[in-house]
Amino acid sequence: MAFYKKNEGFLCEYCGAKNSPAEKTCRNHCRICLASKHVDIDPGDRKNLCGGKMIPVGILSGNKKADFVFLYKCEYCGVERKNRSAPDDCFEAILKISQKTFFS
């Protein structure tokens with residue numbers, strides 16, 4: 001799997017929050033509602049034509065690079081992906097997801 005570094009700010013299509021580029025990684029989800037958009041085949045390539053809303057459906061235990069790892073599912077095509085949390089992610093939104101899932 002290739003990784004293409006695209007660290008761009010964006011306006012969230014789902015909650016309207018302004019998201020600036022991340023400081024130490026590439027941002028691919030909203031820091032407020034944690035939603036994402038299914039646009040990548042490989043991280044950062046923007047080659048996926050699906051465009052569905054990726055919603056966080058669970059939280060896995062963190063790793064050395066992040067406190068949390070989110071499990072996302074595309075509402076359109078059903079694909080699942082993992083993504084690390086960012087330091088400025090809304091903690092209240094993380095808590096809501098954690099209430100629906102088990103840590104592993």
# chains A, B, ... in the order shown; residues from 1 in each chain; ligands from 1
$ residues_around --residues "range 80-92 of chain A" --least-positions-apart "4" --cutoff "9 Å" --atoms "only C-alpha atoms" --output "PDB file with all heavy atoms, in the first residue's frame"
ATOM      1  N   ALA A  22      -3.244  19.230   9.449  1.00  0.00           N
ATOM      2  CA  ALA A  22      -2.702  18.680  10.691  1.00  0.00           C
ATOM      3  C   ALA A  22      -1.231  19.064  10.821  1.00  0.00           C
ATOM      4  O   ALA A  22      -0.559  19.334   9.825  1.00  0.00           O
ATOM      5  CB  ALA A  22      -2.852  17.166  10.693  1.00  0.00           C
ATOM      6  N   LYS A  24       1.384  17.148  12.498  1.00  0.00           N
ATOM      7  CA  LYS A  24       2.378  16.083  12.401  1.00  0.00           C
ATOM      8  C   LYS A  24       1.968  14.926  11.500  1.00  0.00           C
ATOM      9  O   LYS A  24       2.695  13.967  11.359  1.00  0.00           O
ATOM     10  CB  LYS A  24       2.698  15.542  13.799  1.00  0.00           C
ATOM     11  CG  LYS A  24       3.348  16.574  14.685  1.00  0.00           C
ATOM     12  CD  LYS A  24       3.700  15.983  16.027  1.00  0.00           C
ATOM     13  CE  LYS A  24       4.354  17.041  16.891  1.00  0.00           C
ATOM     14  NZ  LYS A  24       4.752  16.508  18.182  1.00  0.00           N
ATOM     15  N   THR A  25       0.798  15.004  10.914  1.00  0.00           N
ATOM     16  CA  THR A  25       0.311  13.923  10.067  1.00  0.00           C
ATOM     17  C   THR A  25      -0.598  14.525   9.010  1.00  0.00           C
ATOM     18  O   THR A  25      -0.668  15.737   8.880  1.00  0.00           O
ATOM     19  CB  THR A  25      -0.437  12.864  10.916  1.00  0.00           C
ATOM     20  OG1 THR A  25      -0.778  11.764  10.072  1.00  0.00           O
ATOM     21  CG2 THR A  25      -1.682  13.433  11.561  1.00  0.00           C
ATOM     22  N   ARG A  27      -4.424  15.090   7.753  1.00  0.00           N
ATOM     23  CA  ARG A  27      -5.798  15.032   8.252  1.00  0.00           C
ATOM     24  C   ARG A  27      -6.709  14.462   7.175  1.00  0.00           C
ATOM     25  O   ARG A  27      -6.688  14.896   6.041  1.00  0.00           O
ATOM     26  CB  ARG A  27      -6.275  16.431   8.638  1.00  0.00           C
ATOM     27  CG  ARG A  27      -7.655  16.436   9.271  1.00  0.00           C
ATOM     28  CD  ARG A  27      -8.133  17.831   9.602  1.00  0.00           C
ATOM     29  NE  ARG A  27      -7.228  18.593  10.423  1.00  0.00           N
ATOM     30  CZ  ARG A  27      -7.089  18.457  11.742  1.00  0.00           C
ATOM     31  NH1 ARG A  27      -7.792  17.553  12.383  1.00  0.00           N
ATOM     32  NH2 ARG A  27      -6.254  19.208  12.417  1.00  0.00           N
ATOM     33  N   ASN A  28      -7.513  13.475   7.546  1.00  0.00           N
ATOM     34  CA  ASN A  28      -8.486  12.958   6.591  1.00  0.00           C
ATOM     35  C   ASN A  28      -9.878  12.839   7.188  1.00  0.00           C
ATOM     36  O   ASN A  28     -10.761  12.265   6.583  1.00  0.00           O
ATOM     37  CB  ASN A  28      -8.035  11.612   6.020  1.00  0.00           C
ATOM     38  CG  ASN A  28      -8.362  10.458   6.925  1.00  0.00           C
ATOM     39  OD1 ASN A  28      -8.488  10.619   8.130  1.00  0.00           O
ATOM     40  ND2 ASN A  28      -8.507   9.287   6.357  1.00  0.00           N
ATOM     41  N   HIS A  29     -10.077  13.364   8.407  1.00  0.00           N
ATOM     42  CA  HIS A  29     -11.412  13.351   8.998  1.00  0.00           C
ATOM     43  C   HIS A  29     -11.634  14.664   9.742  1.00  0.00           C
ATOM     44  O   HIS A  29     -10.690  15.356  10.091  1.00  0.00           O
ATOM     45  CB  HIS A  29     -11.597  12.155   9.934  1.00  0.00           C
ATOM     46  CG  HIS A  29     -10.678  12.157  11.114  1.00  0.00           C
ATOM     47  ND1 HIS A  29      -9.425  11.586  11.088  1.00  0.00           N
ATOM     48  CD2 HIS A  29     -10.816  12.681  12.355  1.00  0.00           C
ATOM     49  CE1 HIS A  29      -8.840  11.753  12.272  1.00  0.00           C
ATOM     50  NE2 HIS A  29      -9.668  12.411  13.047  1.00  0.00           N
ATOM     51  N   CYS A  30     -12.898  14.984   9.940  1.00  0.00           N
ATOM     52  CA  CYS A  30     -13.260  16.225  10.631  1.00  0.00           C
ATOM     53  C   CYS A  30     -12.883  16.133  12.106  1.00  0.00           C
ATOM     54  O   CYS A  30     -13.183  15.141  12.767  1.00  0.00           O
ATOM     55  CB  CYS A  30     -14.758  16.468  10.480  1.00  0.00           C
ATOM     56  SG  CYS A  30     -15.342  17.938  11.359  1.00  0.00           S
ATOM     57  N   ARG A  31     -12.281  17.169  12.619  1.00  0.00           N
ATOM     58  CA  ARG A  31     -11.853  17.178  14.021  1.00  0.00           C
ATOM     59  C   ARG A  31     -13.039  17.357  14.977  1.00  0.00           C
ATOM     60  O   ARG A  31     -12.936  17.066  16.163  1.00  0.00           O
ATOM     61  CB  ARG A  31     -10.805  18.266  14.265  1.00  0.00           C
ATOM     62  CG  ARG A  31     -11.333  19.653  14.023  1.00  0.00           C
ATOM     63  CD  ARG A  31     -10.244  20.724  14.118  1.00  0.00           C
ATOM     64  NE  ARG A  31     -10.809  22.016  13.843  1.00  0.00           N
ATOM     65  CZ  ARG A  31     -11.495  22.734  14.698  1.00  0.00           C
ATOM     66  NH1 ARG A  31     -11.691  22.295  15.918  1.00  0.00           N
ATOM     67  NH2 ARG A  31     -12.007  23.894  14.357  1.00  0.00           N
ATOM     68  N   ILE A  32     -14.186  17.787  14.465  1.00  0.00           N
ATOM     69  CA  ILE A  32     -15.370  18.016  15.308  1.00  0.00           C
ATOM     70  C   ILE A  32     -16.317  16.807  15.288  1.00  0.00           C
ATOM     71  O   ILE A  32     -16.618  16.233  16.323  1.00  0.00           O
ATOM     72  CB  ILE A  32     -16.128  19.286  14.868  1.00  0.00           C
ATOM     73  CG1 ILE A  32     -15.206  20.515  14.951  1.00  0.00           C
ATOM     74  CG2 ILE A  32     -17.384  19.485  15.716  1.00  0.00           C
ATOM     75  CD1 ILE A  32     -14.656  20.806  16.346  1.00  0.00           C
ATOM     76  N   CYS A  33     -16.787  16.408  14.118  1.00  0.00           N
ATOM     77  CA  CYS A  33     -17.754  15.294  14.045  1.00  0.00           C
ATOM     78  C   CYS A  33     -17.089  13.960  13.720  1.00  0.00           C
ATOM     79  O   CYS A  33     -17.743  12.923  13.762  1.00  0.00           O
ATOM     80  CB  CYS A  33     -18.850  15.604  13.030  1.00  0.00           C
ATOM     81  SG  CYS A  33     -18.330  15.553  11.297  1.00  0.00           S
ATOM     82  N   LEU A  34     -15.814  13.972  13.371  1.00  0.00           N
ATOM     83  CA  LEU A  34     -14.978  12.800  13.063  1.00  0.00           C
ATOM     84  C   LEU A  34     -15.355  12.098  11.760  1.00  0.00           C
ATOM     85  O   LEU A  34     -14.771  11.078  11.413  1.00  0.00           O
ATOM     86  CB  LEU A  34     -14.969  11.791  14.223  1.00  0.00           C
ATOM     87  CG  LEU A  34     -14.588  12.349  15.587  1.00  0.00           C
ATOM     88  CD1 LEU A  34     -14.629  11.242  16.636  1.00  0.00           C
ATOM     89  CD2 LEU A  34     -13.216  13.009  15.555  1.00  0.00           C
ATOM     90  N   MET A  54     -17.826   8.444   5.246  1.00  0.00           N
ATOM     91  CA  MET A  54     -17.184   7.472   6.119  1.00  0.00           C
ATOM     92  C   MET A  54     -17.515   7.880   7.552  1.00  0.00           C
ATOM     93  O   MET A  54     -17.171   8.984   7.984  1.00  0.00           O
ATOM     94  CB  MET A  54     -15.663   7.475   5.909  1.00  0.00           C
ATOM     95  CG  MET A  54     -15.213   7.078   4.520  1.00  0.00           C
ATOM     96  SD  MET A  54     -15.394   5.330   4.168  1.00  0.00           S
ATOM     97  CE  MET A  54     -14.040   4.629   5.081  1.00  0.00           C
ATOM     98  N   LEU A  60     -10.577   1.243  18.244  1.00  0.00           N
ATOM     99  CA  LEU A  60      -9.640   0.201  18.611  1.00  0.00           C
ATOM    100  C   LEU A  60      -8.614   0.828  19.547  1.00  0.00           C
ATOM    101  O   LEU A  60      -8.491   2.042  19.625  1.00  0.00           O
ATOM    102  CB  LEU A  60      -8.957  -0.354  17.358  1.00  0.00           C
ATOM    103  CG  LEU A  60      -9.909  -0.796  16.244  1.00  0.00           C
ATOM    104  CD1 LEU A  60      -9.129  -1.125  14.982  1.00  0.00           C
ATOM    105  CD2 LEU A  60     -10.716  -1.984  16.685  1.00  0.00           C
ATOM    106  N   GLY A  62      -5.242   2.365  20.893  1.00  0.00           N
ATOM    107  CA  GLY A  62      -4.288   3.219  20.210  1.00  0.00           C
ATOM    108  C   GLY A  62      -2.969   2.516  19.946  1.00  0.00           C
ATOM    109  O   GLY A  62      -2.770   1.356  20.270  1.00  0.00           O
ATOM    110  N   ASN A  63      -2.068   3.268  19.355  1.00  0.00           N
ATOM    111  CA  ASN A  63      -0.735   2.754  19.068  1.00  0.00           C
ATOM    112  C   ASN A  63       0.289   3.828  19.417  1.00  0.00           C
ATOM    113  O   ASN A  63      -0.054   4.835  20.034  1.00  0.00           O
ATOM    114  CB  ASN A  63      -0.641   2.314  17.605  1.00  0.00           C
ATOM    115  CG  ASN A  63      -0.993   3.429  16.630  1.00  0.00           C
ATOM    116  OD1 ASN A  63      -0.734   4.598  16.880  1.00  0.00           O
ATOM    117  ND2 ASN A  63      -1.592   3.068  15.511  1.00  0.00           N
ATOM    118  N   LYS A  65       1.603   6.022  17.643  1.00  0.00           N
ATOM    119  CA  LYS A  65       1.410   7.284  16.921  1.00  0.00           C
ATOM    120  C   LYS A  65       0.119   8.012  17.283  1.00  0.00           C
ATOM    121  O   LYS A  65      -0.058   9.164  16.919  1.00  0.00           O
ATOM    122  CB  LYS A  65       1.445   7.035  15.423  1.00  0.00           C
ATOM    123  CG  LYS A  65       2.790   6.567  14.933  1.00  0.00           C
ATOM    124  CD  LYS A  65       2.787   6.405  13.438  1.00  0.00           C
ATOM    125  CE  LYS A  65       4.160   5.975  12.955  1.00  0.00           C
ATOM    126  NZ  LYS A  65       4.212   5.880  11.509  1.00  0.00           N
ATOM    127  N   ALA A  66      -0.809   7.335  17.960  1.00  0.00           N
ATOM    128  CA  ALA A  66      -2.096   7.973  18.255  1.00  0.00           C
ATOM    129  C   ALA A  66      -2.722   7.361  19.501  1.00  0.00           C
ATOM    130  O   ALA A  66      -2.489   6.200  19.815  1.00  0.00           O
ATOM    131  CB  ALA A  66      -3.051   7.798  17.075  1.00  0.00           C
ATOM    132  N   ASP A  67      -3.521   8.169  20.188  1.00  0.00           N
ATOM    133  CA  ASP A  67      -4.230   7.680  21.373  1.00  0.00           C
ATOM    134  C   ASP A  67      -5.322   6.686  21.008  1.00  0.00           C
ATOM    135  O   ASP A  67      -5.579   5.735  21.740  1.00  0.00           O
ATOM    136  CB  ASP A  67      -4.848   8.846  22.138  1.00  0.00           C
ATOM    137  CG  ASP A  67      -3.808   9.739  22.779  1.00  0.00           C
ATOM    138  OD1 ASP A  67      -2.717   9.232  23.116  1.00  0.00           O
ATOM    139  OD2 ASP A  67      -4.077  10.940  22.936  1.00  0.00           O
ATOM    140  N   PHE A  68      -5.983   6.931  19.870  1.00  0.00           N
ATOM    141  CA  PHE A  68      -7.095   6.088  19.435  1.00  0.00           C
ATOM    142  C   PHE A  68      -6.937   5.737  17.964  1.00  0.00           C
ATOM    143  O   PHE A  68      -6.341   6.487  17.195  1.00  0.00           O
ATOM    144  CB  PHE A  68      -8.438   6.805  19.617  1.00  0.00           C
ATOM    145  CG  PHE A  68      -8.691   7.262  21.016  1.00  0.00           C
ATOM    146  CD1 PHE A  68      -8.494   8.584  21.378  1.00  0.00           C
ATOM    147  CD2 PHE A  68      -9.130   6.367  21.983  1.00  0.00           C
ATOM    148  CE1 PHE A  68      -8.727   9.009  22.666  1.00  0.00           C
ATOM    149  CE2 PHE A  68      -9.359   6.787  23.280  1.00  0.00           C
ATOM    150  CZ  PHE A  68      -9.155   8.115  23.628  1.00  0.00           C
ATOM    151  N   VAL A  69      -7.491   4.619  17.571  1.00  0.00           N
ATOM    152  CA  VAL A  69      -7.596   4.247  16.167  1.00  0.00           C
ATOM    153  C   VAL A  69      -9.077   4.036  15.898  1.00  0.00           C
ATOM    154  O   VAL A  69      -9.724   3.223  16.554  1.00  0.00           O
ATOM    155  CB  VAL A  69      -6.789   2.967  15.847  1.00  0.00           C
ATOM    156  CG1 VAL A  69      -7.007   2.548  14.405  1.00  0.00           C
ATOM    157  CG2 VAL A  69      -5.302   3.185  16.124  1.00  0.00           C
ATOM    158  N   PHE A  70      -9.614   4.809  14.961  1.00  0.00           N
ATOM    159  CA  PHE A  70     -11.028   4.720  14.628  1.00  0.00           C
ATOM    160  C   PHE A  70     -11.245   3.676  13.545  1.00  0.00           C
ATOM    161  O   PHE A  70     -10.439   3.532  12.629  1.00  0.00           O
ATOM    162  CB  PHE A  70     -11.556   6.059  14.098  1.00  0.00           C
ATOM    163  CG  PHE A  70     -11.363   7.212  15.026  1.00  0.00           C
ATOM    164  CD1 PHE A  70     -10.712   8.358  14.606  1.00  0.00           C
ATOM    165  CD2 PHE A  70     -11.834   7.171  16.326  1.00  0.00           C
ATOM    166  CE1 PHE A  70     -10.543   9.428  15.452  1.00  0.00           C
ATOM    167  CE2 PHE A  70     -11.671   8.238  17.187  1.00  0.00           C
ATOM    168  CZ  PHE A  70     -11.016   9.374  16.744  1.00  0.00           C
ATOM    169  N   LEU A  71     -12.358   2.970  13.636  1.00  0.00           N
ATOM    170  CA  LEU A  71     -12.793   2.084  12.566  1.00  0.00           C
ATOM    171  C   LEU A  71     -13.913   2.819  11.833  1.00  0.00           C
ATOM    172  O   LEU A  71     -14.915   3.210  12.447  1.00  0.00           O
ATOM    173  CB  LEU A  71     -13.313   0.758  13.125  1.00  0.00           C
ATOM    174  CG  LEU A  71     -13.847  -0.232  12.099  1.00  0.00           C
ATOM    175  CD1 LEU A  71     -12.756  -0.639  11.106  1.00  0.00           C
ATOM    176  CD2 LEU A  71     -14.429  -1.454  12.788  1.00  0.00           C
ATOM    177  N   TYR A  72     -13.713   3.056  10.548  1.00  0.00           N
ATOM    178  CA  TYR A  72     -14.678   3.774   9.715  1.00  0.00           C
ATOM    179  C   TYR A  72     -15.389   2.807   8.782  1.00  0.00           C
ATOM    180  O   TYR A  72     -14.806   1.817   8.337  1.00  0.00           O
ATOM    181  CB  TYR A  72     -13.966   4.829   8.847  1.00  0.00           C
ATOM    182  CG  TYR A  72     -13.643   6.091   9.576  1.00  0.00           C
ATOM    183  CD1 TYR A  72     -12.452   6.229  10.265  1.00  0.00           C
ATOM    184  CD2 TYR A  72     -14.516   7.160   9.576  1.00  0.00           C
ATOM    185  CE1 TYR A  72     -12.143   7.395  10.943  1.00  0.00           C
ATOM    186  CE2 TYR A  72     -14.224   8.333  10.248  1.00  0.00           C
ATOM    187  CZ  TYR A  72     -13.031   8.441  10.922  1.00  0.00           C
ATOM    188  OH  TYR A  72     -12.740   9.603  11.583  1.00  0.00           O
ATOM    189  N   LYS A  73     -16.648   3.128   8.467  1.00  0.00           N
ATOM    190  CA  LYS A  73     -17.397   2.361   7.477  1.00  0.00           C
ATOM    191  C   LYS A  73     -18.070   3.341   6.524  1.00  0.00           C
ATOM    192  O   LYS A  73     -18.694   4.316   6.953  1.00  0.00           O
ATOM    193  CB  LYS A  73     -18.446   1.480   8.155  1.00  0.00           C
ATOM    194  CG  LYS A  73     -19.166   0.571   7.178  1.00  0.00           C
ATOM    195  CD  LYS A  73     -20.024  -0.445   7.887  1.00  0.00           C
ATOM    196  CE  LYS A  73     -20.630  -1.390   6.859  1.00  0.00           C
ATOM    197  NZ  LYS A  73     -21.353  -2.483   7.497  1.00  0.00           N
ATOM    198  N   CYS A  74     -17.942   3.065   5.239  1.00  0.00           N
ATOM    199  CA  CYS A  74     -18.567   3.916   4.230  1.00  0.00           C
ATOM    200  C   CYS A  74     -20.057   3.622   4.176  1.00  0.00           C
ATOM    201  O   CYS A  74     -20.471   2.463   4.029  1.00  0.00           O
ATOM    202  CB  CYS A  74     -17.921   3.671   2.867  1.00  0.00           C
ATOM    203  SG  CYS A  74     -18.654   4.677   1.544  1.00  0.00           S
ATOM    204  N   LYS A  96     -18.509   9.490  22.496  1.00  0.00           N
ATOM    205  CA  LYS A  96     -19.765   8.956  21.941  1.00  0.00           C
ATOM    206  C   LYS A  96     -19.515   7.661  21.177  1.00  0.00           C
ATOM    207  O   LYS A  96     -20.271   6.716  21.290  1.00  0.00           O
ATOM    208  CB  LYS A  96     -20.412   9.983  21.008  1.00  0.00           C
ATOM    209  CG  LYS A  96     -21.141  11.090  21.732  1.00  0.00           C
ATOM    210  CD  LYS A  96     -21.813  11.995  20.732  1.00  0.00           C
ATOM    211  CE  LYS A  96     -22.463  13.162  21.424  1.00  0.00           C
ATOM    212  NZ  LYS A  96     -23.106  14.078  20.470  1.00  0.00           N
ATOM    213  N   ILE A  97     -18.440   7.641  20.403  1.00  0.00           N
ATOM    214  CA  ILE A  97     -18.123   6.428  19.644  1.00  0.00           C
ATOM    215  C   ILE A  97     -17.724   5.307  20.597  1.00  0.00           C
ATOM    216  O   ILE A  97     -18.119   4.167  20.413  1.00  0.00           O
ATOM    217  CB  ILE A  97     -16.979   6.692  18.633  1.00  0.00           C
ATOM    218  CG1 ILE A  97     -17.401   7.753  17.642  1.00  0.00           C
ATOM    219  CG2 ILE A  97     -16.589   5.410  17.919  1.00  0.00           C
ATOM    220  CD1 ILE A  97     -16.241   8.292  16.844  1.00  0.00           C
TER     221      ILE A  97
END
$ select_by_dssp --residues "chain A" --states "alpha helix (DSSP H)" --output "PyMOL selection string"
chain A and resi 91-98
$ residues_around --residues "Gly52 in chain A" --least-positions-apart "6" --cutoff "7 Å" --atoms "only C-alpha atoms" --output "ChimeraX atom specification"
/A:37-38,74-76
$ closest_residue --among "A:Leu95, A:Ala35, A:Cys26, A:Cys50" --to "Glu13 in chain A" --atoms "only C-alpha atoms"
A:Ala35
$ atom_distance --atom1 "CA of Lys53 in chain A" --atom2 "CA of Gly16 in chain A"
14.0 Å
$ atom_distance --atom1 "CA of Ile41 in chain A" --atom2 "CA of Cys77 in chain A"
13.0 Å
$ closest_residue --among "A:Gly78, A:Gly9, A:Pro56, A:Pro21" --to "Ser36 in chain A" --atoms "only C-alpha atoms"
A:Pro56
$ select_by_dssp --residues "range 27-100 of chain A" --states "strand (DSSP E)" --output "count of residues only"
27
